[in-house]
Amino acid sequence: MSITTRIEQGVLTIGFDRIDKKNAITAAMYQTMADALRDAEGSNAVRVIVIEGKPEIFTAGNDLEDFMKRPPTHDEGGAPAPVFQFLHAISHATKPVVASVSGAAVGIGTTLLLHCDLVYASDTARLSLPFVQLGLCPEAASSLLLPRLVGYQRAAEKLLLGEAFSAQEAHAMGLVTKVLPAAELADHVRQQAAKLAALPASSLRETKRLMKGDDTPAVEKKMAEEGEVFRRMLLAAEAKEAFTAFFEKRKPDFSKFD
Ligand code: COA
C-alpha cells in the first residue's frame, strides 16, 4: 500500500508509504488521497486532516516514470487526472489540514503545503521546487500563492533555480508554521491535531473560509492555466531529457534547447 489512511479521534491521517521510491507519488496514490479527502468532507468522524510522510522523507514528488508514461490530463475518460482531483480536493478542503514534514519535500511535496493550514516541519526537512530543472513549470497554483506568501524575489529564487532550502528558511519565509527537532515532530502534530479536533467544527470551517474563500476563484484559474502549460512541457524534449537523465543518474544537458 503506497498511501495509508486512518481515522482516530476525529483525525484523518493520510500517509505517504512508498519508502523504496522515496514516497514518489503515482496516479493511484493521488486517487487514494483525493478519495480520502472527498470522503472526509462528508464524514462526521473526521474533524481534522493530517498529511504525513516518513521520518526519512516526506515525498520525492510526482513519480517521474508516471509523468513520462501517463502525462496527466484534465479529461481522463470524463474525469480529471487523479493529480488534479487531489489538488482540487486539498484546495477546497473545508476542514483544517495539517502537514507533518520531515526530510525532503520535492515538487508537489512543497506546493501542497501552500494548501495546508498548519505546516510543521522537522529540522531535517528540505523543501524544493525543481520544476524548471525538470523542464516544467509550477503547479498547484504555486506560481500565484508562493510569490503572494513570501514575496516575488524569494519565490523567484525558489521557482527559477529550484534548489532545495531548509525548514528554517521556509519558516522565515512564512511557508512553515513551526520547525521542531525531528524527534518531537510527530508528537507535536498529534497534539495540535487533537486541539483542532476538540474545537467547534463550524467555527473552524467559517474561519478558514473567511481567510481563504476570496482567493478560491483566482487559485482555480491559476491551477487551470498552469495545468495546460505543464502538460505541454511534460511532452517536450527538455522534460524528456531531464527525466531520462534522472533515471540514468547523470546531469541533464539542456544546451541543445533554445
Ligand atoms: N519518481 C520516481 N522514482 C523516484 C523518484 C521520483 N520522483 N524519486 C526517487 N525515485 C526512486 C529512484 O529512481 C530510486 O529508485 P531505484 O532504487 O529503483 O534506483 C529510489 O527512488 C531512490 O532514489 P535516490 O535518488 O537513489 O534517493 P536519494 O536519497 O539519493 O535522493 C531525492 C532522494 C528525493 C533527492 C531524489 O530521489 C530525487 O531528486 N528524486 C526526484 C525528485 C523529483 O524530481 N521529483 C519530481 C518533482 S516535480
# chains A, B, ... in the order shown; residues from 1 in each chain; ligands from 1

$ closest_atom_pairs --of "chain A" --to "ligand 1" --cutoff "9 Å" --atoms "only C-alpha atoms and all ligand atoms" --output "JSON lines"
{"residue": "A:Ile19", "atom": "CA", "partner": "ligand 1", "partner_atom_place_in_ligand_line": "21 (O)", "distance": 7.8}
{"residue": "A:Asp20", "atom": "CA", "partner": "ligand 1", "partner_atom_place_in_ligand_line": "21 (O)", "distance": 5.9}
{"residue": "A:Lys21", "atom": "CA", "partner": "ligand 1", "partner_atom_place_in_ligand_line": "21 (O)", "distance": 3.4}
{"residue": "A:Lys22", "atom": "CA", "partner": "ligand 1", "partner_atom_place_in_ligand_line": "21 (O)", "distance": 4.9}
{"residue": "A:Asn23", "atom": "CA", "partner": "ligand 1", "partner_atom_place_in_ligand_line": "8 (N)", "distance": 7.4}
{"residue": "A:Ala24", "atom": "CA", "partner": "ligand 1", "partner_atom_place_in_ligand_line": "7 (N)", "distance": 4.7}
{"residue": "A:Ile25", "atom": "CA", "partner": "ligand 1", "partner_atom_place_in_ligand_line": "7 (N)", "distance": 7.2}
{"residue": "A:Thr26", "atom": "CA", "partner": "ligand 1", "partner_atom_place_in_ligand_line": "1 (N)", "distance": 8.2}
{"residue": "A:Ile57", "atom": "CA", "partner": "ligand 1", "partner_atom_place_in_ligand_line": "34 (C)", "distance": 7.7}
{"residue": "A:Thr59", "atom": "CA", "partner": "ligand 1", "partner_atom_place_in_ligand_line": "34 (C)", "distance": 7.0}
{"residue": "A:Ala60", "atom": "CA", "partner": "ligand 1", "partner_atom_place_in_ligand_line": "34 (C)", "distance": 4.3}
{"residue": "A:Gly61", "atom": "CA", "partner": "ligand 1", "partner_atom_place_in_ligand_line": "45 (N)", "distance": 4.4}
{"residue": "A:Asn62", "atom": "CA", "partner": "ligand 1", "partner_atom_place_in_ligand_line": "46 (C)", "distance": 4.8}
{"residue": "A:Asp63", "atom": "CA", "partner": "ligand 1", "partner_atom_place_in_ligand_line": "1 (N)", "distance": 3.3}
{"residue": "A:Leu64", "atom": "CA", "partner": "ligand 1", "partner_atom_place_in_ligand_line": "1 (N)", "distance": 3.9}
{"residue": "A:Glu65", "atom": "CA", "partner": "ligand 1", "partner_atom_place_in_ligand_line": "2 (C)", "distance": 5.5}
{"residue": "A:Asp66", "atom": "CA", "partner": "ligand 1", "partner_atom_place_in_ligand_line": "2 (C)", "distance": 7.5}
{"residue": "A:Phe67", "atom": "CA", "partner": "ligand 1", "partner_atom_place_in_ligand_line": "1 (N)", "distance": 8.4}
{"residue": "A:Gly103", "atom": "CA", "partner": "ligand 1", "partner_atom_place_in_ligand_line": "34 (C)", "distance": 8.9}
{"residue": "A:Ala104", "atom": "CA", "partner": "ligand 1", "partner_atom_place_in_ligand_line": "34 (C)", "distance": 6.1}
{"residue": "A:Ala105", "atom": "CA", "partner": "ligand 1", "partner_atom_place_in_ligand_line": "34 (C)", "distance": 7.7}
{"residue": "A:Val106", "atom": "CA", "partner": "ligand 1", "partner_atom_place_in_ligand_line": "47 (C)", "distance": 5.5}
{"residue": "A:Gly107", "atom": "CA", "partner": "ligand 1", "partner_atom_place_in_ligand_line": "47 (C)", "distance": 4.0}
{"residue": "A:Ile108", "atom": "CA", "partner": "ligand 1", "partner_atom_place_in_ligand_line": "48 (S)", "distance": 6.3}
{"residue": "A:Gly109", "atom": "CA", "partner": "ligand 1", "partner_atom_place_in_ligand_line": "47 (C)", "distance": 8.0}
{"residue": "A:Ser128", "atom": "CA", "partner": "ligand 1", "partner_atom_place_in_ligand_line": "47 (C)", "distance": 8.4}
{"residue": "A:Leu129", "atom": "CA", "partner": "ligand 1", "partner_atom_place_in_ligand_line": "47 (C)", "distance": 7.0}
{"residue": "A:Pro130", "atom": "CA", "partner": "ligand 1", "partner_atom_place_in_ligand_line": "47 (C)", "distance": 6.1}
{"residue": "A:Phe131", "atom": "CA", "partner": "ligand 1", "partner_atom_place_in_ligand_line": "48 (S)", "distance": 5.6}
{"residue": "A:Gln133", "atom": "CA", "partner": "ligand 1", "partner_atom_place_in_ligand_line": "44 (O)", "distance": 8.2}
{"residue": "A:Leu134", "atom": "CA", "partner": "ligand 1", "partner_atom_place_in_ligand_line": "44 (O)", "distance": 6.8}
{"residue": "A:Leu136", "atom": "CA", "partner": "ligand 1", "partner_atom_place_in_ligand_line": "48 (S)", "distance": 7.9}
{"residue": "A:Cys137", "atom": "CA", "partner": "ligand 1", "partner_atom_place_in_ligand_line": "48 (S)", "distance": 8.9}
{"residue": "A:Pro138", "atom": "CA", "partner": "ligand 1", "partner_atom_place_in_ligand_line": "48 (S)", "distance": 8.5}
{"residue": "A:Glu139", "atom": "CA", "partner": "ligand 1", "partner_atom_place_in_ligand_line": "48 (S)", "distance": 8.8}
{"residue": "A:Ala242", "atom": "CA", "partner": "ligand 1", "partner_atom_place_in_ligand_line": "44 (O)", "distance": 8.8}
{"residue": "A:Phe243", "atom": "CA", "partner": "ligand 1", "partner_atom_place_in_ligand_line": "44 (O)", "distance": 8.0}
{"residue": "A:Phe246", "atom": "CA", "partner": "ligand 1", "partner_atom_place_in_ligand_line": "41 (C)", "distance": 7.2}
{"residue": "A:Phe247", "atom": "CA", "partner": "ligand 1", "partner_atom_place_in_ligand_line": "13 (O)", "distance": 5.9}
{"residue": "A:Glu248", "atom": "CA", "partner": "ligand 1", "partner_atom_place_in_ligand_line": "13 (O)", "distance": 9.0}
{"residue": "A:Lys249", "atom": "CA", "partner": "ligand 1", "partner_atom_place_in_ligand_line": "25 (O)", "distance": 8.1}

$ select_by_dssp --residues "stretch 60-118 of chain A" --states "helix (DSSP H, G or I)" --output "ChimeraX atom specification"
/A:64-69,82-91,108-115

$ write_last_selection --atoms "N, CA and C atoms" --output "mmCIF file, in the first residue's frame"
data_model
loop_
_atom_site.group_PDB
_atom_site.id
_atom_site.type_symbol
_atom_site.label_atom_id
_atom_site.label_comp_id
_atom_site.auth_asym_id
_atom_site.auth_seq_id
_atom_site.Cartn_x
_atom_site.Cartn_y
_atom_site.Cartn_z
ATOM 1 N N LEU A 64 8.293 10.169 -11.484
ATOM 2 C CA LEU A 64 8.759 10.649 -12.786
ATOM 3 C C LEU A 64 8.496 9.642 -13.909
ATOM 4 N N GLU A 65 8.429 8.364 -13.550
ATOM 5 C CA GLU A 65 8.097 7.361 -14.565
ATOM 6 C C GLU A 65 6.635 7.522 -14.996
ATOM 7 N N ASP A 66 5.787 7.768 -14.006
ATOM 8 C CA ASP A 66 4.369 8.016 -14.287
ATOM 9 C C ASP A 66 4.199 9.224 -15.203
ATOM 10 N N PHE A 67 4.968 10.274 -14.880
ATOM 11 C CA PHE A 67 4.916 11.500 -15.686
ATOM 12 C C PHE A 67 5.204 11.197 -17.147
ATOM 13 N N MET A 68 6.202 10.338 -17.371
ATOM 14 C CA MET A 68 6.609 10.042 -18.747
ATOM 15 C C MET A 68 5.587 9.147 -19.439
ATOM 16 N N LYS A 69 5.101 8.137 -18.682
ATOM 17 C CA LYS A 69 4.237 7.127 -19.314
ATOM 18 C C LYS A 69 2.781 7.557 -19.403
ATOM 19 N N PRO A 82 -6.042 11.966 -11.635
ATOM 20 C CA PRO A 82 -6.019 11.924 -10.167
ATOM 21 C C PRO A 82 -5.265 13.082 -9.512
ATOM 22 N N VAL A 83 -4.162 13.529 -10.134
ATOM 23 C CA VAL A 83 -3.420 14.638 -9.504
ATOM 24 C C VAL A 83 -4.292 15.897 -9.431
ATOM 25 N N PHE A 84 -5.102 16.135 -10.482
ATOM 26 C CA PHE A 84 -5.968 17.320 -10.463
ATOM 27 C C PHE A 84 -7.119 17.144 -9.466
ATOM 28 N N GLN A 85 -7.594 15.908 -9.345
ATOM 29 C CA GLN A 85 -8.632 15.647 -8.333
ATOM 30 C C GLN A 85 -8.074 15.895 -6.934
ATOM 31 N N PHE A 86 -6.831 15.462 -6.715
ATOM 32 C CA PHE A 86 -6.207 15.686 -5.403
ATOM 33 C C PHE A 86 -6.039 17.192 -5.143
ATOM 34 N N LEU A 87 -5.540 17.910 -6.145
ATOM 35 C CA LEU A 87 -5.317 19.350 -5.932
ATOM 36 C C LEU A 87 -6.630 20.082 -5.693
ATOM 37 N N HIS A 88 -7.669 19.665 -6.404
ATOM 38 C CA HIS A 88 -8.977 20.283 -6.196
ATOM 39 C C HIS A 88 -9.456 20.003 -4.774
ATOM 40 N N ALA A 89 -9.294 18.744 -4.342
ATOM 41 C CA ALA A 89 -9.805 18.360 -3.020
ATOM 42 C C ALA A 89 -9.047 19.082 -1.905
ATOM 43 N N ILE A 90 -7.742 19.158 -2.013
ATOM 44 C CA ILE A 90 -6.982 19.786 -0.910
ATOM 45 C C ILE A 90 -7.198 21.308 -0.913
ATOM 46 N N SER A 91 -7.348 21.891 -2.094
ATOM 47 C CA SER A 91 -7.520 23.347 -2.123
ATOM 48 C C SER A 91 -8.946 23.753 -1.763
ATOM 49 N N ILE A 108 5.549 18.731 -5.731
ATOM 50 C CA ILE A 108 4.212 18.818 -5.134
ATOM 51 C C ILE A 108 4.280 18.578 -3.614
ATOM 52 N N GLY A 109 5.359 17.952 -3.163
ATOM 53 C CA GLY A 109 5.573 17.797 -1.712
ATOM 54 C C GLY A 109 5.703 19.142 -1.033
ATOM 55 N N THR A 110 6.178 20.132 -1.763
ATOM 56 C CA THR A 110 6.238 21.503 -1.225
ATOM 57 C C THR A 110 4.992 22.299 -1.630
ATOM 58 N N THR A 111 4.550 22.170 -2.883
ATOM 59 C CA THR A 111 3.415 23.017 -3.295
ATOM 60 C C THR A 111 2.128 22.645 -2.562
ATOM 61 N N LEU A 112 1.992 21.376 -2.155
ATOM 62 C CA LEU A 112 0.746 21.028 -1.441
ATOM 63 C C LEU A 112 0.690 21.741 -0.089
ATOM 64 N N LEU A 113 1.871 22.126 0.425
ATOM 65 C CA LEU A 113 1.902 22.814 1.721
ATOM 66 C C LEU A 113 1.204 24.175 1.641
ATOM 67 N N LEU A 114 1.179 24.747 0.425
ATOM 68 C CA LEU A 114 0.520 26.041 0.242
ATOM 69 C C LEU A 114 -0.990 25.940 0.463
ATOM 70 N N HIS A 115 -1.503 24.697 0.454
ATOM 71 C CA HIS A 115 -2.939 24.494 0.644
ATOM 72 C C HIS A 115 -3.264 23.949 2.030
#

$ closest_atom_pairs --of "stretch 172-216 of chain A" --to "stretch 1-8 of chain A" --cutoff "12 Å" --atoms "only C-alpha atoms" --output "CSV"
residue,atom,partner,partner_atom,distance
A:Arg190,CA,A:Glu8,CA,10.5
A:Ala193,CA,A:Glu8,CA,10.6
A:Ala194,CA,A:Glu8,CA,9.7
A:Ala197,CA,A:Glu8,CA,10.3

$ write_last_selection --atoms "N, CA and C atoms" --output "mmCIF file, in the first residue's frame"
data_model
loop_
_atom_site.group_PDB
_atom_site.id
_atom_site.type_symbol
_atom_site.label_atom_id
_atom_site.label_comp_id
_atom_site.auth_asym_id
_atom_site.auth_seq_id
_atom_site.Cartn_x
_atom_site.Cartn_y
_atom_site.Cartn_z
ATOM 1 N N ARG A 190 0.496 15.536 16.524
ATOM 2 C CA ARG A 190 -0.623 14.835 17.182
ATOM 3 C C ARG A 190 -1.348 15.775 18.150
ATOM 4 N N ALA A 193 -3.249 18.550 16.252
ATOM 5 C CA ALA A 193 -4.434 17.998 15.581
ATOM 6 C C ALA A 193 -5.520 17.693 16.614
ATOM 7 N N ALA A 194 -5.121 17.186 17.770
ATOM 8 C CA ALA A 194 -6.107 16.879 18.817
ATOM 9 C C ALA A 194 -6.776 18.160 19.308
ATOM 10 N N ALA A 197 -9.281 19.123 16.738
ATOM 11 C CA ALA A 197 -10.427 18.199 16.729
ATOM 12 C C ALA A 197 -11.396 18.500 17.864
#

$ residues_around --residues "A:Pro200" --least-positions-apart "4" --cutoff "12 Å" --atoms "only C-alpha atoms" --output "PyMOL selection string"
chain A and resi 47-48+95-96+195-196+204-207

$ write_last_selection --atoms "N, CA and C atoms" --output "PDB file, in the first residue's frame"
ATOM      1  N   ARG A  47     -12.657  15.509  11.710  1.00  0.00           N
ATOM      2  CA  ARG A  47     -12.698  16.947  12.033  1.00  0.00           C
ATOM      3  C   ARG A  47     -11.419  17.648  11.588  1.00  0.00           C
ATOM      4  N   VAL A  48     -10.364  16.880  11.418  1.00  0.00           N
ATOM      5  CA  VAL A  48      -9.045  17.420  11.056  1.00  0.00           C
ATOM      6  C   VAL A  48      -8.367  16.416  10.133  1.00  0.00           C
ATOM      7  N   LYS A  95     -12.162  21.486   6.124  1.00  0.00           N
ATOM      8  CA  LYS A  95     -11.676  21.148   7.466  1.00  0.00           C
ATOM      9  C   LYS A  95     -10.181  21.484   7.543  1.00  0.00           C
ATOM     10  N   PRO A  96      -9.668  21.715   8.746  1.00  0.00           N
ATOM     11  CA  PRO A  96      -8.253  22.069   8.846  1.00  0.00           C
ATOM     12  C   PRO A  96      -7.349  20.950   8.329  1.00  0.00           C
ATOM     13  N   LYS A 195      -5.991  19.239  19.417  1.00  0.00           N
ATOM     14  CA  LYS A 195      -6.578  20.529  19.835  1.00  0.00           C
ATOM     15  C   LYS A 195      -7.630  20.983  18.827  1.00  0.00           C
ATOM     16  N   LEU A 196      -7.280  20.883  17.542  1.00  0.00           N
ATOM     17  CA  LEU A 196      -8.223  21.299  16.495  1.00  0.00           C
ATOM     18  C   LEU A 196      -9.485  20.432  16.533  1.00  0.00           C
ATOM     19  N   LEU A 204     -14.220  26.583  13.025  1.00  0.00           N
ATOM     20  CA  LEU A 204     -13.016  26.329  12.221  1.00  0.00           C
ATOM     21  C   LEU A 204     -13.325  26.506  10.738  1.00  0.00           C
ATOM     22  N   ARG A 205     -14.479  25.923  10.337  1.00  0.00           N
ATOM     23  CA  ARG A 205     -14.877  25.987   8.917  1.00  0.00           C
ATOM     24  C   ARG A 205     -15.053  27.429   8.459  1.00  0.00           C
ATOM     25  N   GLU A 206     -15.790  28.202   9.269  1.00  0.00           N
ATOM     26  CA  GLU A 206     -16.068  29.586   8.872  1.00  0.00           C
ATOM     27  C   GLU A 206     -14.786  30.419   8.871  1.00  0.00           C
ATOM     28  N   THR A 207     -13.926  30.169   9.855  1.00  0.00           N
ATOM     29  CA  THR A 207     -12.689  30.956   9.944  1.00  0.00           C
ATOM     30  C   THR A 207     -11.802  30.675   8.727  1.00  0.00           C
TER      31      THR A 207
END

$ atom_distance --atom1 "atom CA of A:Lys208" --atom2 "atom CA of A:Asp187"
24.1 Å

$ closest_atom_pairs --of "stretch 49-136 of chain A" --to "stretch 162-177 of chain A" --cutoff "6 Å" --atoms "only C-alpha atoms" --output "tab-separated table"
residue	atom	partner	partner_atom	distance
A:Leu118	CA	A:Thr177	CA	5.9
A:Val119	CA	A:Val176	CA	5.0
A:Tyr120	CA	A:Thr177	CA	5.7
A:Asp123	CA	A:Ala167	CA	5.9
A:Ala125	CA	A:Ala167	CA	5.3
A:Arg126	CA	A:Ser166	CA	4.8
A:Leu127	CA	A:Ala164	CA	5.3
A:Ser128	CA	A:Ala164	CA	4.3
A:Leu129	CA	A:Gly162	CA	4.9
A:Pro130	CA	A:Gly162	CA	4.0

$ write_last_selection --atoms "C-alpha atoms" --output "compact mmCIF listing (two decimals), in the first residue's frame"
# COMPACT_ATOMS: atom_id res chain seq x y z
CA LEU A 118 -0.67 24.40 9.65
CA VAL A 119 2.69 23.19 8.38
CA TYR A 120 5.02 21.62 10.92
CA ASP A 123 14.77 20.47 11.35
CA ALA A 125 13.17 18.96 6.24
CA ARG A 126 14.46 20.17 2.86
CA LEU A 127 11.92 21.76 0.55
CA SER A 128 12.37 22.17 -3.19
CA LEU A 129 10.51 23.24 -6.28
CA PRO A 130 12.62 21.82 -9.12

$ atom_distance --atom1 "atom CA of A:Val132" --atom2 "atom CA of A:Leu159"
7.1 Å

$ atom_distance --atom1 "atom CA of A:Gly227" --atom2 "atom CA of A:Pro71"
10.9 Å
